[in-house]
Amino acid sequence: MSVTETAPRARRPIVPFLRLPESGEPHLVGQRCEGCGAVYLGKRRACSRCTAEGPFKEIPLSRRGTVWVWSIVHQSVPGVQVPYVVGIVDLPEGVSVRCNLTDVEPDPKKLRFGMPVEMTTGVSQQDREGRDVVAFYFRPVQG
Ligand SMILES: [Zn+2]
């Protein structure tokens with residue numbers, strides 16, 4: 001009798017600024033202007049604060065932030081279950097990130113501006129190569 005082992009499915013992040021390290025927690029990364037310290041999501045050609053064309057250094061972003069604004073989505077493309085909650089989360093590094101809010105009811109009474117949230121990840125789909133596509137979400141901080 002043999003034991004069949006299934007290799008863990010390969011995975012990839014849904015956006016280029018999500019890191020899925022082999023050890024340690026998944027996190028977002030920013031590009032910090034070495035001239036003035038401004039931080040951005042995604043690659044930049046120049047800094048919009050000081051106009052320098054770099055250098056930019058990749059830095060890990062906090063997994064915790066606060067909800068700046070939220071909205072409940074009631075209509076979406078076919079196949080996407082509604083309602084769900086989207087938001088813009090402010091991170092302490094000065095970056096704002098658009099995301100889905102998870103583990104919270106799509107009910108205005110359960111949502112508030114400034115609520116503390118933390119990042120989490122989940123497999124959103126499989127790509128054509130059969131890899132898990134990992135998305136990030138933010139959820140209310142427990143406790
Ligand atoms: Zn700058």
# chains A, B, ... in the order shown; residues from 1 in each chain; ligands from 1
$ residues_near_ligand --ligand "ligand 1" --cutoff "6 Å" --atoms "only C-alpha atoms and all ligand atoms" --output "MDAnalysis selection string"
chainID A and resid 33 35:38 47 49:50 52
$ residues_around --residues "range 125-135 of chain A" --least-positions-apart "5" --cutoff "8 Å" --atoms "only C-alpha atoms" --output "JSON, numbers by chain"
{"A": [9, 10, 11, 12, 13, 14, 15]}
$ atom_distance --atom1 "CA of Phe113 in chain A" --atom2 "CA of Gly30 in chain A"
23.5 Å
$ select_by_dssp --residues "chain A" --states "strand (DSSP E)" --output "ChimeraX atom specification"
/A:11-13,18-19,27-33,39-41,56-60,64-73,84-90,96-101,116-126,132-140
$ write_last_selection --atoms "C-alpha atoms" --output "compact mmCIF listing (two decimals), in the first residue's frame"
# COMPACT_ATOMS: atom_id res chain seq x y z
CA ARG A 11 0.52 30.01 -5.99
CA ARG A 12 0.97 33.54 -7.16
CA PRO A 13 -0.14 36.92 -5.83
CA LEU A 18 1.56 41.46 -2.53
CA ARG A 19 4.40 39.27 -1.21
CA HIS A 27 2.29 41.37 3.32
CA LEU A 28 2.03 44.28 0.93
CA VAL A 29 5.09 46.21 -0.16
CA GLY A 30 5.58 49.86 -1.00
CA GLN A 31 8.17 51.85 -2.90
CA ARG A 32 9.81 54.47 -0.69
CA CYS A 33 11.43 57.51 -2.25
CA VAL A 39 5.78 55.78 0.04
CA TYR A 40 3.77 54.48 -2.92
CA LEU A 41 2.03 51.29 -3.95
CA PHE A 56 13.03 53.93 -4.71
CA LYS A 57 13.45 51.20 -2.12
CA GLU A 58 10.95 48.39 -1.57
CA ILE A 59 9.70 48.28 2.03
CA PRO A 60 7.22 45.96 3.74
CA ARG A 64 -2.79 46.72 10.07
CA GLY A 65 -4.50 49.94 9.11
CA THR A 66 -7.75 51.85 9.40
CA VAL A 67 -10.74 52.08 7.09
CA TRP A 68 -10.84 55.51 5.49
CA VAL A 69 -14.00 54.86 3.48
CA TRP A 70 -16.20 51.88 2.69
CA SER A 71 -19.09 51.02 0.39
CA ILE A 72 -21.47 48.09 0.07
CA VAL A 73 -21.60 46.66 -3.45
CA TYR A 84 -19.97 42.59 -0.40
CA VAL A 85 -17.97 45.40 1.13
CA VAL A 86 -15.15 47.36 -0.50
CA GLY A 87 -13.04 49.99 1.15
CA ILE A 88 -9.95 52.12 1.12
CA VAL A 89 -7.61 51.34 3.99
CA ASP A 90 -4.99 53.79 5.24
CA SER A 96 -3.91 53.96 0.95
CA VAL A 97 -5.00 50.68 -0.57
CA ARG A 98 -8.27 49.77 -2.23
CA CYS A 99 -9.51 46.36 -1.15
CA ASN A 100 -12.40 44.12 -0.27
CA LEU A 101 -13.33 44.03 3.40
CA PRO A 116 -9.04 49.14 12.76
CA VAL A 117 -8.46 46.35 10.25
CA GLU A 118 -5.80 43.77 9.52
CA MET A 119 -4.72 42.13 6.29
CA THR A 120 -5.55 38.55 5.46
CA THR A 121 -5.22 36.47 2.31
CA GLY A 122 -7.24 33.85 0.50
CA VAL A 123 -7.28 31.94 -2.76
CA SER A 124 -9.59 33.80 -5.11
CA GLN A 125 -9.30 31.53 -8.16
CA GLN A 126 -6.99 29.29 -10.18
CA ASP A 132 -3.73 29.33 -6.85
CA VAL A 133 -4.19 33.05 -7.26
CA VAL A 134 -3.87 34.60 -3.81
CA ALA A 135 -5.74 37.81 -3.07
CA PHE A 136 -5.50 40.08 -0.05
CA TYR A 137 -8.37 41.40 2.02
CA PHE A 138 -8.73 43.43 5.17
CA ARG A 139 -10.93 42.39 8.10
CA PRO A 140 -11.85 44.01 11.39
$ atom_distance --atom1 "CA of Ser62 in chain A" --atom2 "CA of Ala46 in chain A"
23.2 Å
$ atom_distance --atom1 "CA of Leu91 in chain A" --atom2 "CA of Leu61 in chain A"
7.5 Å
